[in-house]
$ cat start12.cif   # mmCIF, N, CA and C atoms
data_query
loop_
_atom_site.label_atom_id
_atom_site.label_comp_id
_atom_site.auth_asym_id
_atom_site.auth_seq_id
_atom_site.Cartn_x
_atom_site.Cartn_y
_atom_site.Cartn_z
N ALA B 30 30.30 -7.11 -59.86
CA ALA B 30 29.90 -7.06 -58.46
C ALA B 30 28.83 -6.00 -58.28
N VAL B 31 27.99 -6.22 -57.32
CA VAL B 31 26.92 -5.29 -57.00
C VAL B 31 27.18 -4.70 -55.63
N GLN B 32 26.92 -3.41 -55.50
CA GLN B 32 27.11 -2.78 -54.21
C GLN B 32 26.08 -3.30 -53.22
N GLU B 33 26.53 -3.64 -52.02
CA GLU B 33 25.64 -4.02 -50.94
C GLU B 33 24.96 -2.76 -50.42
N GLY B 34 23.84 -2.93 -49.76
CA GLY B 34 23.15 -1.80 -49.18
C GLY B 34 23.85 -1.24 -47.97
N LEU B 35 23.49 -0.04 -47.60
CA LEU B 35 24.02 0.56 -46.38
C LEU B 35 23.32 -0.07 -45.18
N GLY B 36 23.94 0.04 -44.02
CA GLY B 36 23.33 -0.45 -42.81
C GLY B 36 23.52 -1.93 -42.54
N ARG B 37 24.43 -2.58 -43.24
CA ARG B 37 24.70 -4.00 -43.00
C ARG B 37 25.29 -4.17 -41.60
N PRO B 38 24.86 -5.16 -40.84
CA PRO B 38 25.39 -5.36 -39.49
C PRO B 38 26.91 -5.51 -39.44
N ALA B 39 27.50 -6.17 -40.42
CA ALA B 39 28.95 -6.39 -40.43
C ALA B 39 29.73 -5.12 -40.76
N ALA B 40 29.09 -4.14 -41.39
CA ALA B 40 29.77 -2.91 -41.81
C ALA B 40 29.81 -1.94 -40.63
N ARG B 41 30.72 -2.20 -39.71
CA ARG B 41 30.81 -1.41 -38.49
C ARG B 41 31.73 -0.19 -38.64
N CYS B 42 32.37 -0.06 -39.77
CA CYS B 42 33.24 1.09 -40.04
C CYS B 42 32.58 1.97 -41.08
N ALA B 43 32.81 3.27 -40.93
CA ALA B 43 32.24 4.22 -41.89
C ALA B 43 33.21 5.38 -42.07
N ALA B 44 33.04 6.07 -43.18
CA ALA B 44 33.80 7.29 -43.45
C ALA B 44 32.88 8.27 -44.13
N LEU B 45 32.94 9.50 -43.69
CA LEU B 45 32.25 10.61 -44.34
C LEU B 45 33.34 11.49 -44.91
N ILE B 46 33.30 11.69 -46.24
CA ILE B 46 34.33 12.49 -46.89
C ILE B 46 33.66 13.60 -47.70
N PRO B 47 33.55 14.80 -47.12
CA PRO B 47 33.07 15.95 -47.89
C PRO B 47 34.19 16.46 -48.80
N ILE B 48 33.82 16.87 -50.02
CA ILE B 48 34.80 17.31 -51.01
C ILE B 48 34.33 18.60 -51.67
N LYS B 49 35.27 19.50 -51.87
CA LYS B 49 35.04 20.75 -52.61
C LYS B 49 35.98 20.74 -53.81
N LYS B 50 35.44 20.99 -54.99
CA LYS B 50 36.27 21.07 -56.20
C LYS B 50 36.46 22.53 -56.60
N SER B 51 37.53 22.77 -57.34
CA SER B 51 37.94 24.12 -57.70
C SER B 51 37.00 24.76 -58.72
N ASP B 52 37.08 26.07 -58.82
CA ASP B 52 36.34 26.80 -59.85
C ASP B 52 36.79 26.35 -61.24
N ASP B 53 38.06 25.97 -61.38
CA ASP B 53 38.56 25.47 -62.68
C ASP B 53 37.80 24.22 -63.10
N TRP B 54 37.51 23.33 -62.16
CA TRP B 54 36.73 22.12 -62.46
C TRP B 54 35.36 22.49 -62.99
N TRP B 55 34.69 23.38 -62.29
CA TRP B 55 33.32 23.73 -62.66
C TRP B 55 33.27 24.60 -63.92
N ALA B 56 34.40 25.22 -64.29
CA ALA B 56 34.46 26.00 -65.52
C ALA B 56 34.58 25.10 -66.75
N LEU B 57 35.00 23.86 -66.55
CA LEU B 57 35.09 22.91 -67.67
C LEU B 57 33.68 22.57 -68.17
N ALA B 58 33.56 22.30 -69.44
CA ALA B 58 32.29 21.82 -69.98
C ALA B 58 31.98 20.46 -69.38
N GLN B 59 30.71 20.12 -69.30
CA GLN B 59 30.31 18.85 -68.70
C GLN B 59 30.99 17.65 -69.36
N ASP B 60 31.11 17.68 -70.69
CA ASP B 60 31.76 16.54 -71.36
C ASP B 60 33.25 16.48 -71.03
N GLU B 61 33.90 17.63 -70.78
CA GLU B 61 35.30 17.62 -70.36
C GLU B 61 35.44 17.03 -68.96
N ARG B 62 34.54 17.41 -68.05
CA ARG B 62 34.57 16.85 -66.69
C ARG B 62 34.33 15.34 -66.74
N ARG B 63 33.38 14.92 -67.54
CA ARG B 63 33.08 13.49 -67.66
C ARG B 63 34.29 12.74 -68.22
N GLN B 64 34.98 13.32 -69.19
CA GLN B 64 36.15 12.66 -69.79
C GLN B 64 37.24 12.49 -68.74
N ILE B 65 37.48 13.49 -67.93
CA ILE B 65 38.49 13.37 -66.87
C ILE B 65 38.03 12.33 -65.85
N PHE B 66 36.78 12.42 -65.44
CA PHE B 66 36.21 11.54 -64.42
C PHE B 66 36.24 10.08 -64.86
N GLU B 67 35.77 9.82 -66.08
CA GLU B 67 35.61 8.44 -66.54
C GLU B 67 36.84 7.87 -67.24
N GLU B 68 37.42 8.64 -68.16
CA GLU B 68 38.46 8.08 -69.01
C GLU B 68 39.86 8.27 -68.45
N GLN B 69 40.15 9.44 -67.89
CA GLN B 69 41.50 9.67 -67.38
C GLN B 69 41.66 9.19 -65.95
N SER B 70 40.70 9.51 -65.09
CA SER B 70 40.80 9.13 -63.69
C SER B 70 40.23 7.74 -63.44
N ARG B 71 39.36 7.27 -64.32
CA ARG B 71 38.75 5.94 -64.21
C ARG B 71 38.09 5.74 -62.84
N HIS B 72 37.39 6.78 -62.42
CA HIS B 72 36.73 6.81 -61.11
C HIS B 72 35.83 5.59 -60.90
N HIS B 73 34.96 5.32 -61.85
CA HIS B 73 34.04 4.18 -61.73
C HIS B 73 34.77 2.85 -61.71
N SER B 74 35.72 2.67 -62.60
CA SER B 74 36.41 1.38 -62.65
C SER B 74 37.23 1.14 -61.39
N ILE B 75 37.74 2.18 -60.77
CA ILE B 75 38.42 2.02 -59.49
C ILE B 75 37.42 1.55 -58.44
N GLY B 76 36.30 2.25 -58.33
CA GLY B 76 35.30 1.92 -57.32
C GLY B 76 34.72 0.52 -57.45
N ILE B 77 34.51 0.08 -58.67
CA ILE B 77 33.91 -1.24 -58.91
C ILE B 77 34.80 -2.36 -58.36
N ARG B 78 36.11 -2.16 -58.36
CA ARG B 78 37.01 -3.18 -57.86
C ARG B 78 36.84 -3.44 -56.36
N TYR B 79 36.19 -2.54 -55.67
CA TYR B 79 36.04 -2.67 -54.22
C TYR B 79 34.63 -3.08 -53.80
N LEU B 80 33.84 -3.50 -54.76
CA LEU B 80 32.51 -4.02 -54.47
C LEU B 80 32.59 -5.52 -54.29
N PRO B 81 31.77 -6.11 -53.48
CA PRO B 81 30.69 -5.55 -52.67
C PRO B 81 31.13 -5.14 -51.27
N GLU B 82 32.42 -5.25 -50.95
CA GLU B 82 32.88 -5.01 -49.59
C GLU B 82 32.63 -3.59 -49.09
N ILE B 83 32.75 -2.61 -49.98
CA ILE B 83 32.59 -1.22 -49.57
C ILE B 83 31.33 -0.65 -50.22
N ALA B 84 30.42 -0.18 -49.38
CA ALA B 84 29.18 0.44 -49.87
C ALA B 84 29.36 1.96 -49.82
N ARG B 85 28.70 2.66 -50.73
CA ARG B 85 28.88 4.10 -50.83
C ARG B 85 27.57 4.77 -51.16
N LYS B 86 27.39 5.97 -50.66
CA LYS B 86 26.25 6.83 -51.02
C LYS B 86 26.82 8.21 -51.25
N LEU B 87 26.52 8.81 -52.39
CA LEU B 87 27.02 10.13 -52.76
C LEU B 87 25.88 11.13 -52.74
N TYR B 88 26.13 12.27 -52.10
CA TYR B 88 25.16 13.36 -52.05
C TYR B 88 25.77 14.57 -52.76
N HIS B 89 25.05 15.10 -53.73
CA HIS B 89 25.48 16.31 -54.44
C HIS B 89 24.92 17.52 -53.70
N CYS B 90 25.78 18.48 -53.40
CA CYS B 90 25.29 19.65 -52.67
C CYS B 90 25.82 20.98 -53.22
N ARG B 91 26.40 20.94 -54.39
CA ARG B 91 26.94 22.18 -54.97
C ARG B 91 25.88 23.25 -55.14
N ASP B 92 24.70 22.87 -55.57
CA ASP B 92 23.64 23.84 -55.84
C ASP B 92 22.89 24.27 -54.59
N LEU B 93 23.33 23.81 -53.43
CA LEU B 93 22.66 24.16 -52.17
C LEU B 93 23.41 25.25 -51.40
N ALA B 94 24.43 25.84 -52.01
CA ALA B 94 25.24 26.89 -51.39
C ALA B 94 25.87 26.41 -50.09
N GLU B 95 26.30 25.16 -50.08
CA GLU B 95 26.98 24.58 -48.92
C GLU B 95 28.49 24.68 -49.13
N PRO B 96 29.29 24.48 -48.07
CA PRO B 96 30.75 24.63 -48.24
C PRO B 96 31.41 23.50 -49.04
N PHE B 97 30.70 22.39 -49.26
CA PHE B 97 31.25 21.29 -50.03
C PHE B 97 30.34 20.99 -51.22
N ASP B 98 30.95 20.46 -52.28
CA ASP B 98 30.19 20.09 -53.48
C ASP B 98 29.60 18.69 -53.39
N PHE B 99 30.29 17.80 -52.66
CA PHE B 99 29.85 16.41 -52.53
C PHE B 99 30.07 15.95 -51.09
N LEU B 100 29.16 15.13 -50.63
CA LEU B 100 29.34 14.39 -49.38
C LEU B 100 29.29 12.92 -49.75
N THR B 101 30.32 12.19 -49.40
CA THR B 101 30.34 10.76 -49.72
C THR B 101 30.40 9.98 -48.41
N TRP B 102 29.46 9.05 -48.27
CA TRP B 102 29.37 8.19 -47.10
C TRP B 102 29.75 6.78 -47.52
N PHE B 103 30.71 6.19 -46.83
CA PHE B 103 31.16 4.83 -47.09
C PHE B 103 30.91 3.97 -45.86
N GLU B 104 30.58 2.69 -46.08
CA GLU B 104 30.47 1.72 -44.99
C GLU B 104 31.20 0.45 -45.39
N PHE B 105 31.88 -0.17 -44.40
CA PHE B 105 32.64 -1.39 -44.66
C PHE B 105 32.91 -2.10 -43.33
N ALA B 106 33.20 -3.37 -43.42
CA ALA B 106 33.53 -4.17 -42.25
C ALA B 106 34.96 -3.85 -41.80
N PRO B 107 35.25 -4.02 -40.51
CA PRO B 107 36.61 -3.73 -40.02
C PRO B 107 37.71 -4.45 -40.80
N GLU B 108 37.44 -5.67 -41.23
CA GLU B 108 38.48 -6.40 -41.97
C GLU B 108 38.73 -5.84 -43.38
N HIS B 109 37.92 -4.89 -43.81
CA HIS B 109 38.11 -4.28 -45.13
C HIS B 109 38.64 -2.85 -45.04
N GLU B 110 39.12 -2.47 -43.88
CA GLU B 110 39.63 -1.11 -43.70
C GLU B 110 40.83 -0.82 -44.59
N MET B 111 41.76 -1.75 -44.72
CA MET B 111 42.92 -1.54 -45.59
C MET B 111 42.48 -1.42 -47.05
N MET B 112 41.48 -2.21 -47.42
CA MET B 112 40.92 -2.13 -48.77
C MET B 112 40.34 -0.73 -49.00
N PHE B 113 39.62 -0.21 -48.02
CA PHE B 113 39.06 1.13 -48.14
C PHE B 113 40.18 2.16 -48.27
N ASN B 114 41.23 2.03 -47.47
CA ASN B 114 42.35 2.97 -47.55
C ASN B 114 43.00 2.94 -48.93
N THR B 115 43.09 1.77 -49.53
CA THR B 115 43.65 1.65 -50.88
C THR B 115 42.74 2.32 -51.90
N LEU B 116 41.43 2.11 -51.77
CA LEU B 116 40.47 2.76 -52.66
C LEU B 116 40.63 4.27 -52.62
N VAL B 117 40.65 4.82 -51.42
CA VAL B 117 40.76 6.28 -51.28
C VAL B 117 42.10 6.77 -51.83
N ALA B 118 43.17 6.04 -51.58
CA ALA B 118 44.48 6.43 -52.10
C ALA B 118 44.50 6.45 -53.63
N GLU B 119 43.87 5.46 -54.25
CA GLU B 119 43.80 5.43 -55.72
C GLU B 119 43.03 6.62 -56.25
N LEU B 120 41.92 6.94 -55.63
CA LEU B 120 41.13 8.09 -56.08
C LEU B 120 41.90 9.39 -55.89
N ARG B 121 42.60 9.51 -54.79
CA ARG B 121 43.38 10.74 -54.52
C ARG B 121 44.56 10.88 -55.46
N ALA B 122 45.02 9.80 -56.05
CA ALA B 122 46.15 9.86 -56.99
C ALA B 122 45.71 10.15 -58.42
N SER B 123 44.42 10.26 -58.66
CA SER B 123 43.90 10.45 -60.02
C SER B 123 43.97 11.92 -60.46
N ARG B 124 43.87 12.12 -61.74
CA ARG B 124 43.88 13.49 -62.29
C ARG B 124 42.70 14.29 -61.76
N GLU B 125 41.56 13.64 -61.64
CA GLU B 125 40.38 14.33 -61.13
C GLU B 125 40.68 14.99 -59.77
N TRP B 126 41.47 14.31 -58.95
CA TRP B 126 41.73 14.82 -57.60
C TRP B 126 42.54 16.10 -57.61
N THR B 127 43.23 16.42 -58.72
CA THR B 127 43.97 17.69 -58.78
C THR B 127 43.03 18.88 -58.72
N TYR B 128 41.74 18.64 -58.94
CA TYR B 128 40.74 19.70 -58.87
C TYR B 128 40.10 19.81 -57.48
N VAL B 129 40.45 18.95 -56.57
CA VAL B 129 39.89 19.01 -55.21
C VAL B 129 40.66 20.07 -54.43
N THR B 130 39.92 21.02 -53.87
CA THR B 130 40.56 22.10 -53.11
C THR B 130 40.39 21.91 -51.61
N ARG B 131 39.44 21.10 -51.22
CA ARG B 131 39.22 20.87 -49.79
C ARG B 131 38.58 19.51 -49.60
N GLU B 132 39.03 18.84 -48.55
CA GLU B 132 38.48 17.53 -48.22
C GLU B 132 38.64 17.34 -46.72
N ILE B 133 37.69 16.65 -46.13
CA ILE B 133 37.79 16.23 -44.73
C ILE B 133 37.48 14.74 -44.72
N ASP B 134 38.31 13.97 -44.06
CA ASP B 134 38.14 12.52 -43.98
C ASP B 134 37.78 12.17 -42.54
N ILE B 135 36.52 11.88 -42.31
CA ILE B 135 36.01 11.57 -40.97
C ILE B 135 35.75 10.08 -40.89
N ARG B 136 36.40 9.40 -39.96
CA ARG B 136 36.24 7.95 -39.81
C ARG B 136 35.47 7.65 -38.54
N LEU B 137 34.59 6.64 -38.63
CA LEU B 137 33.76 6.21 -37.51
C LEU B 137 33.83 4.70 -37.38
N ARG B 138 33.64 4.22 -36.18
CA ARG B 138 33.62 2.77 -35.94
C ARG B 138 32.59 2.48 -34.87
N ARG B 139 31.71 1.54 -35.18
CA ARG B 139 30.69 1.07 -34.23
C ARG B 139 31.24 -0.19 -33.59
N GLU B 140 31.17 -0.28 -32.27
CA GLU B 140 31.76 -1.42 -31.56
C GLU B 140 30.97 -2.71 -31.79
N HIS B 141 29.67 -2.66 -31.78
CA HIS B 141 28.87 -3.89 -31.92
C HIS B 141 27.77 -3.70 -32.93
#
$ encode --input "start12.cif" --output "structure tokens"
Amino acid sequence: AVQEGLGRPAARCAALIPIKKSDDWWALAQDERRQIFEEQSRHHSIGIRYLPEIARKLYHCRDLAEPFDFLTWFEFAPEHEMMFNTLVAELRASREWTYVTREIDIRLRREH
């Protein structure tokens, strides 16, 4: 499946989820972080199962001295809200998520 673009008329629901990871995460070597991310947490394989219904854009901001390391923007149609909730629950249950120290889940809905 291929991710649909952002701004689709049917995608009237959105979520902004800023995430901060622990110093322990950033102290790991890059290959160790990648191994947790890809092989243990299976972050990509989880996300792919929710395409094309859920579109995502990730912004890296760790090097900008901001309070969060990542800002993730999701868009989806109202009928896919439960699917989105399942996606987020799967990611939060992963080993990678044990390194998350702060998160805010902001949900938005456009009426028309």
$ closest_residue --input "start12.cif" --among "B:Leu137, B:Ala40, B:Val129, B:Val31" --to "B:Glu104" --atoms "all atoms listed in the file"
B:Ala40
$ select_by_dssp --input "start12.cif" --residues "stretch 41-84 of chain B" --states "alpha helix (DSSP H)" --output "list in words"
Asp52, Asp53, Trp54, Trp55, Ala56, Gln59, Asp60, Glu61, Arg62, Arg63, His72, His73, Ser74, Ile75, Gly76 and Ile77 of chain B
$ closest_residue --input "start12.cif" --among "B:Leu35, B:Cys42, B:Met112, B:Ala58" --to "B:Tyr79" --atoms "only N, CA and C atoms"
B:Met112
$ resolve_selection --input "start12.cif" --expression "the PyMOL selection byres ((chain B and resi 47) around 8)" --output "PDB file with N, CA and C atoms, keeping the file's coordinate frame"
ATOM      1  N   ALA B  44      33.040   6.070 -43.180  1.00  0.00           N
ATOM      2  CA  ALA B  44      33.800   7.290 -43.450  1.00  0.00           C
ATOM      3  C   ALA B  44      32.880   8.270 -44.130  1.00  0.00           C
ATOM      4  N   LEU B  45      32.940   9.500 -43.690  1.00  0.00           N
ATOM      5  CA  LEU B  45      32.250  10.610 -44.340  1.00  0.00           C
ATOM      6  C   LEU B  45      33.340  11.490 -44.910  1.00  0.00           C
ATOM      7  N   ILE B  46      33.300  11.690 -46.240  1.00  0.00           N
ATOM      8  CA  ILE B  46      34.330  12.490 -46.890  1.00  0.00           C
ATOM      9  C   ILE B  46      33.660  13.600 -47.700  1.00  0.00           C
ATOM     10  N   ILE B  48      33.820  16.870 -50.020  1.00  0.00           N
ATOM     11  CA  ILE B  48      34.800  17.310 -51.010  1.00  0.00           C
ATOM     12  C   ILE B  48      34.330  18.600 -51.670  1.00  0.00           C
ATOM     13  N   LYS B  49      35.270  19.500 -51.870  1.00  0.00           N
ATOM     14  CA  LYS B  49      35.040  20.750 -52.610  1.00  0.00           C
ATOM     15  C   LYS B  49      35.980  20.740 -53.810  1.00  0.00           C
ATOM     16  N   LYS B  50      35.440  20.990 -54.990  1.00  0.00           N
ATOM     17  CA  LYS B  50      36.270  21.070 -56.200  1.00  0.00           C
ATOM     18  C   LYS B  50      36.460  22.530 -56.600  1.00  0.00           C
ATOM     19  N   PRO B  96      29.290  24.480 -48.070  1.00  0.00           N
ATOM     20  CA  PRO B  96      30.750  24.630 -48.240  1.00  0.00           C
ATOM     21  C   PRO B  96      31.410  23.500 -49.040  1.00  0.00           C
ATOM     22  N   PHE B  97      30.700  22.390 -49.260  1.00  0.00           N
ATOM     23  CA  PHE B  97      31.250  21.290 -50.030  1.00  0.00           C
ATOM     24  C   PHE B  97      30.340  20.990 -51.220  1.00  0.00           C
ATOM     25  N   ASP B  98      30.950  20.460 -52.280  1.00  0.00           N
ATOM     26  CA  ASP B  98      30.190  20.090 -53.480  1.00  0.00           C
ATOM     27  C   ASP B  98      29.600  18.690 -53.390  1.00  0.00           C
ATOM     28  N   PHE B  99      30.290  17.800 -52.660  1.00  0.00           N
ATOM     29  CA  PHE B  99      29.850  16.410 -52.530  1.00  0.00           C
ATOM     30  C   PHE B  99      30.070  15.950 -51.090  1.00  0.00           C
ATOM     31  N   LEU B 100      29.160  15.130 -50.630  1.00  0.00           N
ATOM     32  CA  LEU B 100      29.340  14.390 -49.380  1.00  0.00           C
ATOM     33  C   LEU B 100      29.290  12.920 -49.750  1.00  0.00           C
ATOM     34  N   THR B 101      30.320  12.190 -49.400  1.00  0.00           N
ATOM     35  CA  THR B 101      30.340  10.760 -49.720  1.00  0.00           C
ATOM     36  C   THR B 101      30.400   9.980 -48.410  1.00  0.00           C
ATOM     37  N   TRP B 102      29.460   9.050 -48.270  1.00  0.00           N
ATOM     38  CA  TRP B 102      29.370   8.190 -47.100  1.00  0.00           C
ATOM     39  C   TRP B 102      29.750   6.780 -47.520  1.00  0.00           C
ATOM     40  N   ARG B 131      39.440  21.100 -51.220  1.00  0.00           N
ATOM     41  CA  ARG B 131      39.220  20.870 -49.790  1.00  0.00           C
ATOM     42  C   ARG B 131      38.580  19.510 -49.600  1.00  0.00           C
ATOM     43  N   GLU B 132      39.030  18.840 -48.550  1.00  0.00           N
ATOM     44  CA  GLU B 132      38.480  17.530 -48.220  1.00  0.00           C
ATOM     45  C   GLU B 132      38.640  17.340 -46.720  1.00  0.00           C
ATOM     46  N   ILE B 133      37.690  16.650 -46.130  1.00  0.00           N
ATOM     47  CA  ILE B 133      37.790  16.230 -44.730  1.00  0.00           C
ATOM     48  C   ILE B 133      37.480  14.740 -44.720  1.00  0.00           C
ATOM     49  N   ASP B 134      38.310  13.970 -44.060  1.00  0.00           N
ATOM     50  CA  ASP B 134      38.140  12.520 -43.980  1.00  0.00           C
ATOM     51  C   ASP B 134      37.780  12.170 -42.540  1.00  0.00           C
ATOM     52  N   ILE B 135      36.520  11.880 -42.310  1.00  0.00           N
ATOM     53  CA  ILE B 135      36.010  11.570 -40.970  1.00  0.00           C
ATOM     54  C   ILE B 135      35.750  10.080 -40.890  1.00  0.00           C
TER      55      ILE B 135
END
$ atom_distance --input "start12.cif" --atom1 "atom CA of B:Glu33" --atom2 "atom C of B:His89"
21.7 Å
$ atom_distance --input "start12.cif" --atom1 "atom C of B:Arg63" --atom2 "atom C of B:Leu120"
14.9 Å
$ resolve_selection --input "start12.cif" --expression "the PyMOL selection byres (((chain B and resi 81 and name CA) around 12) and name CA)" --output "NGL selection string"
:B and (30-35 or 37 or 40 or 76-80 or 82-85 or 103-106 or 109 or 112-113)
$ select_by_dssp --input "start12.cif" --residues "chain B" --states "strand (DSSP E)" --output "ChimeraX atom specification"
/B:42-50,84-89,99-105,129-132,135-138
$ build_atoms --input "start12.cif" --residues "stretch 111-120 of chain B" --atoms "all heavy atoms" --output "PDB file, in the frame of the given file"
ATOM      1  N   MET B 111      41.760  -1.750 -44.720  1.00  0.00           N
ATOM      2  CA  MET B 111      42.920  -1.540 -45.590  1.00  0.00           C
ATOM      3  C   MET B 111      42.480  -1.420 -47.050  1.00  0.00           C
ATOM      4  O   MET B 111      43.028  -0.631 -47.814  1.00  0.00           O
ATOM      5  CB  MET B 111      43.948  -2.662 -45.420  1.00  0.00           C
ATOM      6  CG  MET B 111      44.669  -2.623 -44.078  1.00  0.00           C
ATOM      7  SD  MET B 111      45.506  -1.053 -43.756  1.00  0.00           S
ATOM      8  CE  MET B 111      46.724  -1.046 -45.044  1.00  0.00           C
ATOM      9  N   MET B 112      41.480  -2.210 -47.420  1.00  0.00           N
ATOM     10  CA  MET B 112      40.920  -2.130 -48.770  1.00  0.00           C
ATOM     11  C   MET B 112      40.340  -0.730 -49.000  1.00  0.00           C
ATOM     12  O   MET B 112      40.562  -0.124 -50.052  1.00  0.00           O
ATOM     13  CB  MET B 112      39.832  -3.201 -48.938  1.00  0.00           C
ATOM     14  CG  MET B 112      39.180  -3.213 -50.298  1.00  0.00           C
ATOM     15  SD  MET B 112      37.859  -4.429 -50.392  1.00  0.00           S
ATOM     16  CE  MET B 112      38.801  -5.933 -50.410  1.00  0.00           C
ATOM     17  N   PHE B 113      39.620  -0.210 -48.020  1.00  0.00           N
ATOM     18  CA  PHE B 113      39.060   1.130 -48.140  1.00  0.00           C
ATOM     19  C   PHE B 113      40.180   2.160 -48.270  1.00  0.00           C
ATOM     20  O   PHE B 113      40.107   3.065 -49.105  1.00  0.00           O
ATOM     21  CB  PHE B 113      38.163   1.465 -46.949  1.00  0.00           C
ATOM     22  CG  PHE B 113      37.653   2.868 -47.005  1.00  0.00           C
ATOM     23  CD1 PHE B 113      36.674   3.222 -47.913  1.00  0.00           C
ATOM     24  CD2 PHE B 113      38.185   3.850 -46.177  1.00  0.00           C
ATOM     25  CE1 PHE B 113      36.224   4.539 -48.005  1.00  0.00           C
ATOM     26  CE2 PHE B 113      37.739   5.154 -46.258  1.00  0.00           C
ATOM     27  CZ  PHE B 113      36.748   5.498 -47.166  1.00  0.00           C
ATOM     28  N   ASN B 114      41.230   2.030 -47.470  1.00  0.00           N
ATOM     29  CA  ASN B 114      42.350   2.970 -47.550  1.00  0.00           C
ATOM     30  C   ASN B 114      43.000   2.940 -48.930  1.00  0.00           C
ATOM     31  O   ASN B 114      43.392   3.985 -49.460  1.00  0.00           O
ATOM     32  CB  ASN B 114      43.393   2.647 -46.474  1.00  0.00           C
ATOM     33  CG  ASN B 114      42.882   2.949 -45.081  1.00  0.00           C
ATOM     34  OD1 ASN B 114      41.972   3.759 -44.893  1.00  0.00           O
ATOM     35  ND2 ASN B 114      43.448   2.275 -44.096  1.00  0.00           N
ATOM     36  N   THR B 115      43.090   1.770 -49.530  1.00  0.00           N
ATOM     37  CA  THR B 115      43.650   1.650 -50.880  1.00  0.00           C
ATOM     38  C   THR B 115      42.740   2.320 -51.900  1.00  0.00           C
ATOM     39  O   THR B 115      43.212   3.038 -52.795  1.00  0.00           O
ATOM     40  CB  THR B 115      43.869   0.161 -51.232  1.00  0.00           C
ATOM     41  OG1 THR B 115      44.736  -0.416 -50.260  1.00  0.00           O
ATOM     42  CG2 THR B 115      44.466   0.011 -52.618  1.00  0.00           C
ATOM     43  N   LEU B 116      41.430   2.110 -51.770  1.00  0.00           N
ATOM     44  CA  LEU B 116      40.470   2.760 -52.660  1.00  0.00           C
ATOM     45  C   LEU B 116      40.630   4.270 -52.620  1.00  0.00           C
ATOM     46  O   LEU B 116      40.763   4.927 -53.658  1.00  0.00           O
ATOM     47  CB  LEU B 116      39.040   2.368 -52.255  1.00  0.00           C
ATOM     48  CG  LEU B 116      37.902   3.250 -52.780  1.00  0.00           C
ATOM     49  CD1 LEU B 116      37.781   3.161 -54.289  1.00  0.00           C
ATOM     50  CD2 LEU B 116      36.594   2.886 -52.118  1.00  0.00           C
ATOM     51  N   VAL B 117      40.650   4.820 -51.420  1.00  0.00           N
ATOM     52  CA  VAL B 117      40.760   6.280 -51.280  1.00  0.00           C
ATOM     53  C   VAL B 117      42.100   6.770 -51.830  1.00  0.00           C
ATOM     54  O   VAL B 117      42.169   7.807 -52.496  1.00  0.00           O
ATOM     55  CB  VAL B 117      40.541   6.693 -49.809  1.00  0.00           C
ATOM     56  CG1 VAL B 117      40.782   8.174 -49.599  1.00  0.00           C
ATOM     57  CG2 VAL B 117      39.125   6.339 -49.373  1.00  0.00           C
ATOM     58  N   ALA B 118      43.170   6.040 -51.580  1.00  0.00           N
ATOM     59  CA  ALA B 118      44.480   6.430 -52.100  1.00  0.00           C
ATOM     60  C   ALA B 118      44.500   6.450 -53.630  1.00  0.00           C
ATOM     61  O   ALA B 118      45.065   7.355 -54.246  1.00  0.00           O
ATOM     62  CB  ALA B 118      45.563   5.486 -51.566  1.00  0.00           C
ATOM     63  N   GLU B 119      43.870   5.460 -54.250  1.00  0.00           N
ATOM     64  CA  GLU B 119      43.800   5.430 -55.720  1.00  0.00           C
ATOM     65  C   GLU B 119      43.030   6.620 -56.250  1.00  0.00           C
ATOM     66  O   GLU B 119      43.436   7.245 -57.240  1.00  0.00           O
ATOM     67  CB  GLU B 119      43.154   4.136 -56.193  1.00  0.00           C
ATOM     68  CG  GLU B 119      44.042   2.930 -56.091  1.00  0.00           C
ATOM     69  CD  GLU B 119      43.420   1.716 -56.748  1.00  0.00           C
ATOM     70  OE1 GLU B 119      43.025   1.808 -57.936  1.00  0.00           O
ATOM     71  OE2 GLU B 119      43.316   0.679 -56.061  1.00  0.00           O
ATOM     72  N   LEU B 120      41.920   6.940 -55.630  1.00  0.00           N
ATOM     73  CA  LEU B 120      41.130   8.090 -56.080  1.00  0.00           C
ATOM     74  C   LEU B 120      41.900   9.390 -55.890  1.00  0.00           C
ATOM     75  O   LEU B 120      41.885  10.258 -56.771  1.00  0.00           O
ATOM     76  CB  LEU B 120      39.793   8.144 -55.351  1.00  0.00           C
ATOM     77  CG  LEU B 120      38.832   7.007 -55.673  1.00  0.00           C
ATOM     78  CD1 LEU B 120      37.618   7.053 -54.752  1.00  0.00           C
ATOM     79  CD2 LEU B 120      38.400   7.044 -57.130  1.00  0.00           C
TER      80      LEU B 120
END
